[in-house]
file protein36.cif (mmCIF, C-alpha atoms)
data_upload
loop_
_atom_site.label_atom_id
_atom_site.label_comp_id
_atom_site.auth_asym_id
_atom_site.auth_seq_id
_atom_site.Cartn_x
_atom_site.Cartn_y
_atom_site.Cartn_z
CA MET C 1 0.00 0.00 0.00
CA VAL C 2 1.29 3.45 -0.96
CA VAL C 3 0.79 6.18 1.65
CA LEU C 4 0.99 9.84 0.61
CA LYS C 5 1.92 12.30 3.38
CA THR C 6 0.40 15.63 4.21
CA ALA C 7 2.56 18.71 4.69
CA GLN C 8 2.17 18.32 8.46
CA GLU C 9 3.30 14.70 8.35
CA ILE C 10 6.32 15.57 6.23
CA ALA C 11 7.20 18.31 8.73
CA LEU C 12 7.34 15.69 11.49
CA MET C 13 9.47 13.43 9.30
CA ARG C 14 11.74 16.40 8.66
CA GLN C 15 12.24 16.71 12.41
CA ALA C 16 13.00 12.99 12.67
CA GLY C 17 15.41 13.41 9.77
CA ARG C 18 17.31 16.19 11.52
CA VAL C 19 17.78 13.92 14.52
CA VAL C 20 19.12 11.15 12.29
CA ALA C 21 21.46 13.54 10.47
CA THR C 22 22.78 14.89 13.78
CA VAL C 23 23.50 11.37 15.00
CA LEU C 24 25.31 10.37 11.82
CA ALA C 25 27.48 13.49 11.90
CA GLU C 26 28.51 12.70 15.48
CA LEU C 27 29.16 9.04 14.73
CA LYS C 28 31.23 9.85 11.64
CA ALA C 29 33.41 12.17 13.74
CA ARG C 30 33.96 9.40 16.32
CA VAL C 31 34.92 6.61 13.91
CA ALA C 32 38.58 5.72 14.49
CA PRO C 33 40.76 2.69 15.13
CA GLY C 34 40.06 1.25 18.58
CA VAL C 35 36.51 2.58 18.88
CA SER C 36 33.96 -0.14 19.63
CA LEU C 37 30.71 -0.53 17.73
CA MET C 38 28.91 -0.71 21.07
CA ALA C 39 30.25 2.72 22.02
CA LEU C 40 28.91 4.17 18.77
CA ASP C 41 25.53 2.57 19.42
CA GLN C 42 25.37 3.98 22.95
CA LEU C 43 26.25 7.46 21.70
CA ALA C 44 23.58 7.28 19.00
CA GLU C 45 20.86 6.25 21.43
CA LYS C 46 21.83 9.04 23.83
CA ILE C 47 21.57 11.70 21.11
CA ILE C 48 18.28 10.35 19.76
CA LEU C 49 16.68 10.41 23.21
CA GLN C 50 18.07 13.88 23.97
CA HIS C 51 16.22 15.19 20.91
CA GLY C 52 12.88 13.82 22.06
CA ALA C 53 12.86 10.91 19.62
CA LEU C 54 13.10 7.14 19.89
CA PRO C 55 15.47 4.74 18.09
CA SER C 56 13.51 3.21 15.22
CA PHE C 57 15.60 0.05 15.08
CA LYS C 58 15.69 -0.96 18.74
CA ASN C 59 13.35 -3.92 19.35
CA TYR C 60 12.17 -3.79 15.73
CA GLN C 61 11.09 -7.23 14.54
CA PRO C 62 9.83 -7.48 10.96
CA LYS C 63 8.21 -10.63 9.67
CA GLY C 64 10.77 -13.42 9.42
CA ALA C 65 13.25 -11.90 11.88
CA PRO C 66 14.33 -14.42 14.54
CA TYR C 67 14.14 -11.91 17.40
CA PRO C 68 13.84 -8.12 17.91
CA PHE C 69 16.85 -6.09 16.80
CA PRO C 70 18.80 -5.44 20.02
CA ALA C 71 20.49 -2.12 19.25
CA SER C 72 19.75 1.47 18.23
CA ILE C 73 21.88 1.49 15.06
CA CYS C 74 23.07 -1.01 12.50
CA ALA C 75 26.87 -1.12 12.24
CA SER C 76 28.18 -3.32 9.42
CA VAL C 77 31.92 -3.73 8.83
CA ASN C 78 33.73 -4.61 5.59
CA GLU C 79 31.91 -7.56 3.94
CA GLU C 80 28.86 -6.99 6.14
CA VAL C 81 26.22 -5.38 3.93
CA VAL C 82 23.47 -4.32 6.34
CA HIS C 83 21.87 -5.05 9.72
CA GLY C 84 25.11 -5.57 11.64
CA ILE C 85 24.54 -5.75 15.40
CA PRO C 86 26.86 -3.42 17.37
CA GLY C 87 28.90 -5.27 19.98
CA PRO C 88 32.31 -5.14 21.64
CA ARG C 89 34.18 -5.41 18.31
CA LYS C 90 36.67 -2.55 17.93
CA LEU C 91 37.26 -0.91 14.59
CA LYS C 92 40.64 -1.41 12.92
CA GLU C 93 42.71 0.79 10.65
CA GLY C 94 41.74 0.32 7.01
CA GLU C 95 38.26 -1.10 7.61
CA ILE C 96 35.05 0.44 6.32
CA VAL C 97 31.90 0.63 8.44
CA LYS C 98 28.31 1.21 7.40
CA LEU C 99 26.35 3.20 9.99
CA ASP C 100 22.58 3.04 9.56
CA VAL C 101 20.38 5.15 11.86
CA GLY C 102 16.62 5.51 12.26
CA ALA C 103 14.69 7.81 14.58
CA CYS C 104 11.00 8.13 15.33
CA TYR C 105 9.71 11.60 16.24
CA LYS C 106 6.08 11.94 17.36
CA GLY C 107 5.16 8.77 15.51
CA TYR C 108 7.06 9.40 12.26
CA HIS C 109 10.28 7.71 11.16
CA ALA C 110 13.31 8.80 9.16
CA ASP C 111 16.16 6.53 8.09
CA SER C 112 19.65 7.27 6.74
CA ALA C 113 23.03 5.56 6.36
CA ILE C 114 26.64 6.34 5.49
CA THR C 115 29.79 4.33 4.84
CA VAL C 116 32.92 5.58 6.61
CA GLY C 117 36.56 4.60 6.29
CA VAL C 118 38.44 3.83 9.51
CA GLY C 119 41.70 5.77 9.52
CA ASN C 120 43.63 5.33 6.28
CA ILE C 121 41.83 3.05 3.86
CA SER C 122 42.93 1.55 0.56
CA PRO C 123 42.21 3.32 -2.74
CA ARG C 124 40.15 0.25 -3.65
CA ALA C 125 37.89 0.71 -0.63
CA GLN C 126 37.60 4.47 -1.24
CA ARG C 127 36.51 3.88 -4.84
CA LEU C 128 33.73 1.59 -3.63
CA ILE C 129 32.55 4.17 -1.09
CA ASP C 130 32.60 6.94 -3.69
CA ALA C 131 30.60 4.79 -6.11
CA ALA C 132 27.95 4.02 -3.48
CA GLN C 133 27.63 7.73 -2.72
CA GLU C 134 27.24 8.42 -6.44
CA CYS C 135 24.52 5.76 -6.65
CA LEU C 136 22.53 7.55 -3.96
CA THR C 137 22.99 10.91 -5.70
CA ALA C 138 21.68 9.37 -8.94
CA ALA C 139 18.72 7.82 -7.11
CA ILE C 140 17.75 11.16 -5.56
CA ALA C 141 17.98 12.90 -8.95
CA ALA C 142 15.63 10.27 -10.43
CA ALA C 143 13.13 10.58 -7.55
CA ARG C 144 10.92 13.17 -9.23
CA LYS C 145 7.22 13.61 -9.85
CA GLY C 146 6.25 11.82 -13.05
CA ASN C 147 9.12 9.34 -12.94
CA ARG C 148 8.61 5.73 -11.88
CA PHE C 149 10.19 3.28 -9.47
CA GLY C 150 12.11 1.77 -12.37
CA ASP C 151 13.80 5.09 -13.12
CA ILE C 152 15.32 5.09 -9.63
CA GLY C 153 16.47 1.48 -9.78
CA ALA C 154 17.87 1.95 -13.27
CA ALA C 155 19.83 5.04 -12.17
CA ILE C 156 21.44 3.14 -9.29
CA GLN C 157 22.21 0.12 -11.43
CA ARG C 158 23.69 2.20 -14.24
CA VAL C 159 26.17 3.96 -11.93
CA ALA C 160 27.19 0.84 -10.03
CA GLU C 161 27.67 -1.42 -13.02
CA SER C 162 29.48 1.24 -15.04
CA LYS C 163 32.13 1.21 -12.32
CA GLY C 164 32.37 -2.57 -12.13
CA TYR C 165 30.25 -3.15 -9.02
CA SER C 166 27.14 -5.23 -8.40
CA VAL C 167 23.90 -4.08 -6.79
CA VAL C 168 22.36 -6.05 -3.93
CA HIS C 169 18.98 -7.41 -5.05
CA GLN C 170 17.78 -9.10 -1.86
CA TYR C 171 17.42 -5.86 0.13
CA THR C 172 15.77 -2.74 -1.24
CA SER C 173 14.89 0.88 -0.76
CA HIS C 174 11.52 1.22 0.95
CA GLY C 175 8.59 3.37 1.95
CA VAL C 176 8.92 5.09 5.31
CA GLY C 177 6.68 7.24 7.51
CA ARG C 178 4.40 6.04 10.27
CA GLU C 179 6.17 2.70 9.88
CA LEU C 180 9.90 2.16 9.44
CA HIS C 181 9.17 0.00 6.40
CA GLU C 182 5.94 1.40 5.06
CA GLY C 183 3.94 -0.12 2.27
CA PHE C 184 6.49 -1.11 -0.37
CA GLY C 185 9.99 -2.10 -1.31
CA LEU C 186 11.70 -0.31 -4.17
CA PRO C 187 14.35 -2.44 -5.95
CA ASN C 188 17.75 -0.82 -6.42
CA THR C 189 17.80 -2.18 -9.97
CA GLY C 190 15.23 -1.81 -12.69
CA GLN C 191 14.11 -0.57 -16.06
CA ALA C 192 13.42 3.08 -16.75
CA GLU C 193 9.78 4.09 -17.23
CA ARG C 194 8.54 0.96 -15.48
CA GLY C 195 6.85 0.51 -12.11
CA MET C 196 4.80 2.74 -9.86
CA LEU C 197 4.42 6.43 -10.65
CA LEU C 198 6.08 8.86 -8.23
CA ARG C 199 3.67 11.40 -6.78
CA PRO C 200 4.08 14.35 -4.38
CA GLY C 201 3.68 13.25 -0.77
CA LEU C 202 5.40 9.91 -1.29
CA THR C 203 8.26 9.39 1.19
CA ILE C 204 11.01 6.89 0.43
CA ALA C 205 14.17 5.68 2.12
CA LEU C 206 16.51 5.45 -0.88
CA GLU C 207 19.11 2.87 0.08
CA PRO C 208 21.53 1.59 -2.57
CA MET C 209 23.85 -1.19 -1.41
CA ILE C 210 26.65 -2.17 -3.78
CA ASN C 211 29.23 -4.93 -3.62
CA GLU C 212 32.79 -5.17 -4.80
CA GLY C 213 32.15 -8.72 -5.99
CA ARG C 214 28.99 -10.73 -6.51
CA ALA C 215 25.53 -9.33 -5.75
CA GLU C 216 24.40 -12.32 -3.69
CA THR C 217 24.29 -12.18 0.10
CA LYS C 218 23.71 -14.47 3.06
CA VAL C 219 22.69 -13.97 6.69
CA LYS C 220 25.11 -14.80 9.52
CA LYS C 221 24.25 -17.10 12.39
CA ASP C 222 23.07 -14.15 14.50
CA GLY C 223 19.99 -14.06 12.27
CA TRP C 224 20.39 -10.38 11.36
CA THR C 225 23.80 -9.51 9.89
CA VAL C 226 23.85 -9.71 6.09
CA VAL C 227 27.23 -10.39 4.41
CA THR C 228 28.44 -10.68 0.83
CA ILE C 229 28.46 -14.26 -0.42
CA ASP C 230 32.09 -14.03 -1.53
CA GLY C 231 33.48 -12.09 1.45
CA LYS C 232 34.23 -8.97 -0.60
CA LEU C 233 33.54 -5.41 0.53
CA SER C 234 30.13 -3.76 0.46
CA ALA C 235 29.11 -0.09 0.78
CA GLN C 236 25.79 1.59 1.51
CA PHE C 237 24.35 5.11 1.58
CA GLU C 238 20.79 6.12 2.37
CA HIS C 239 18.58 9.20 2.64
CA THR C 240 14.89 9.58 3.38
CA VAL C 241 13.32 11.80 0.72
CA ALA C 242 9.90 13.27 -0.01
CA ILE C 243 8.62 13.54 -3.56
CA THR C 244 7.56 17.12 -4.38
CA ASP C 245 6.48 19.06 -7.46
CA GLY C 246 10.17 19.59 -8.23
CA GLU C 247 13.34 18.00 -6.91
CA ALA C 248 12.99 15.48 -4.11
CA GLU C 249 13.42 16.99 -0.66
CA ILE C 250 16.10 15.22 1.39
CA LEU C 251 14.66 14.89 4.89
CA THR C 252 17.76 13.40 6.52
CA ARG C 253 20.23 16.17 5.80
CA LEU C 254 21.38 18.96 8.08
CA ASP C 255 20.73 22.38 6.53
#
call {"tool": "encode", "arguments": {"input": "protein36.cif", "output": "structure tokens"}}
result
Amino acid sequence: MVVLKTAQEIALMRQAGRVVATVLAELKARVAPGVSLMALDQLAEKIILQHGALPSFKNYQPKGAPYPFPASICASVNEEVVHGIPGPRKLKEGEIVKLDVGACYKGYHADSAITVGVGNISPRAQRLIDAAQECLTAAIAAARKGNRFGDIGAAIQRVAESKGYSVVHQYTSHGVGRELHEGFGLPNTGQAERGMLLRPGLTIALEPMINEGRAETKVKKDGWTVVTIDGKLSAQFEHTVAITDGEAEILTRLD
């Protein structure tokens, strides 16, 4: 089901988005060798609560999940694609970490993610990160009134594959609003001019995930953490956007 938001609802999502953006800026500044994922999670939860919001991910249990997610952020390192559970693991020089944050403000969610290098990273890893960022930029540019879901997926796929990377198929962009995953999944691949029409009031978490190697993934024994099938690096970026009469409004960006 597709849910279109009123201006008032989008205003609340904008507030949630500012909380998420604030958290990600703080986390990015703290990423360094020796920092534990648990410490990043604790910091994120503290900031979210200080801003009058709640962590969207904590205790979230979608259909098929083995148990509620136990943390406030997802922190996925190297070959981990998404849904990594923060624990005592300490970051090491040269690793890359995906930090995914959701916040719920007065009943409305916003969701955003970044990939950050730990200390000095290899040129190979930096190229992957840059490509994932470019995929998100292309997705946002395609998220316009009158375009279709396929235009977004095609834009992501075109950028990723032109640079020699694969796009994760098993996990998608998604609707977001009153629910963290609201109404639909939006594949990060596709054909232009195909799929559902984009209309003002539609809010989407655009979330390209690209892999250095094969597109296939598997879930670790913890039941949550998704990893690349071949153990190669993965990168992810995400913004929550609202479709308008012009360019999409990015709701998870600090002005």
call {"tool": "residues_around", "arguments": {"input": "protein36.cif", "residues": "C:Glu79", "least_positions_apart": "5", "cutoff": "8 Å", "atoms": "only C-alpha atoms", "output": "list in words"}}
result
Val227, Thr228, Gly231, Lys232, Leu233 and Ser234 of chain C
call {"tool": "closest_atom_pairs", "arguments": {"input": "protein36.cif", "of": "stretch 54-115 of chain C", "to": "stretch 14-36 of chain C", "cutoff": "7 Å", "atoms": "only C-alpha atoms", "output": "Markdown table"}}
result
| residue | atom | partner | partner_atom | distance |
| --- | --- | --- | --- | --- |
| C:Pro88 | CA | C:Ser36 | CA | 5.6 |
| C:Arg89 | CA | C:Ser36 | CA | 5.4 |
| C:Lys90 | CA | C:Ser36 | CA | 4.0 |
| C:Leu91 | CA | C:Pro33 | CA | 5.0 |
| C:Lys92 | CA | C:Pro33 | CA | 4.7 |
| C:Glu93 | CA | C:Pro33 | CA | 5.2 |
| C:Val101 | CA | C:Val20 | CA | 6.1 |
| C:Gly102 | CA | C:Val20 | CA | 6.2 |
| C:Ala103 | CA | C:Ala16 | CA | 5.8 |
| C:Cys104 | CA | C:Ala16 | CA | 5.9 |
| C:Tyr105 | CA | C:Ala16 | CA | 5.0 |
| C:Tyr108 | CA | C:Ala16 | CA | 7.0 |
| C:His109 | CA | C:Ala16 | CA | 6.1 |
| C:Ala110 | CA | C:Gly17 | CA | 5.1 |
| C:Asp111 | CA | C:Val20 | CA | 6.9 |
| C:Ser112 | CA | C:Val20 | CA | 6.8 |
call {"tool": "closest_residue", "arguments": {"input": "protein36.cif", "among": "C:Gly201, C:Pro62, C:Gly119, C:Gly190", "to": "C:Thr244", "atoms": "all atoms listed in the file"}}
result
C:Gly201
call {"tool": "residues_around", "arguments": {"input": "protein36.cif", "residues": "C:Asp41", "least_positions_apart": "6", "cutoff": "7 Å", "atoms": "all atoms listed in the file", "output": "PyMOL selection string"}}
result
chain C and resi 71-73+86
call {"tool": "write_last_selection", "arguments": {"input": "protein36.cif", "atoms": "C-alpha atoms", "output": "PDB file, in the coordinates of the input"}}
result
ATOM      1  CA  ALA C  71      20.490  -2.120  19.250  1.00  0.00           C
ATOM      2  CA  SER C  72      19.750   1.470  18.230  1.00  0.00           C
ATOM      3  CA  ILE C  73      21.880   1.490  15.060  1.00  0.00           C
ATOM      4  CA  PRO C  86      26.860  -3.420  17.370  1.00  0.00           C
TER       5      PRO C  86
END
call {"tool": "resolve_selection", "arguments": {"input": "protein36.cif", "expression": "the PyMOL selection byres ((chain C and resi 226) around 7)", "output": "PyMOL selection string"}}
result
chain C and resi 80-83+217-220+224-225+227
call {"tool": "write_last_selection", "arguments": {"input": "protein36.cif", "atoms": "C-alpha atoms", "output": "mmCIF file, in the coordinates of the input"}}
result
data_model
loop_
_atom_site.group_PDB
_atom_site.id
_atom_site.type_symbol
_atom_site.label_atom_id
_atom_site.label_comp_id
_atom_site.auth_asym_id
_atom_site.auth_seq_id
_atom_site.Cartn_x
_atom_site.Cartn_y
_atom_site.Cartn_z
ATOM 1 C CA GLU C 80 28.860 -6.990 6.140
ATOM 2 C CA VAL C 81 26.220 -5.380 3.930
ATOM 3 C CA VAL C 82 23.470 -4.320 6.340
ATOM 4 C CA HIS C 83 21.870 -5.050 9.720
ATOM 5 C CA THR C 217 24.290 -12.180 0.100
ATOM 6 C CA LYS C 218 23.710 -14.470 3.060
ATOM 7 C CA VAL C 219 22.690 -13.970 6.690
ATOM 8 C CA LYS C 220 25.110 -14.800 9.520
ATOM 9 C CA TRP C 224 20.390 -10.380 11.360
ATOM 10 C CA THR C 225 23.800 -9.510 9.890
ATOM 11 C CA VAL C 227 27.230 -10.390 4.410
#
call {"tool": "closest_residue", "arguments": {"input": "protein36.cif", "among": "C:Tyr60, C:Glu134, C:Lys106, C:Gly146", "to": "C:Gln8", "atoms": "only C-alpha atoms"}}
result
C:Lys106
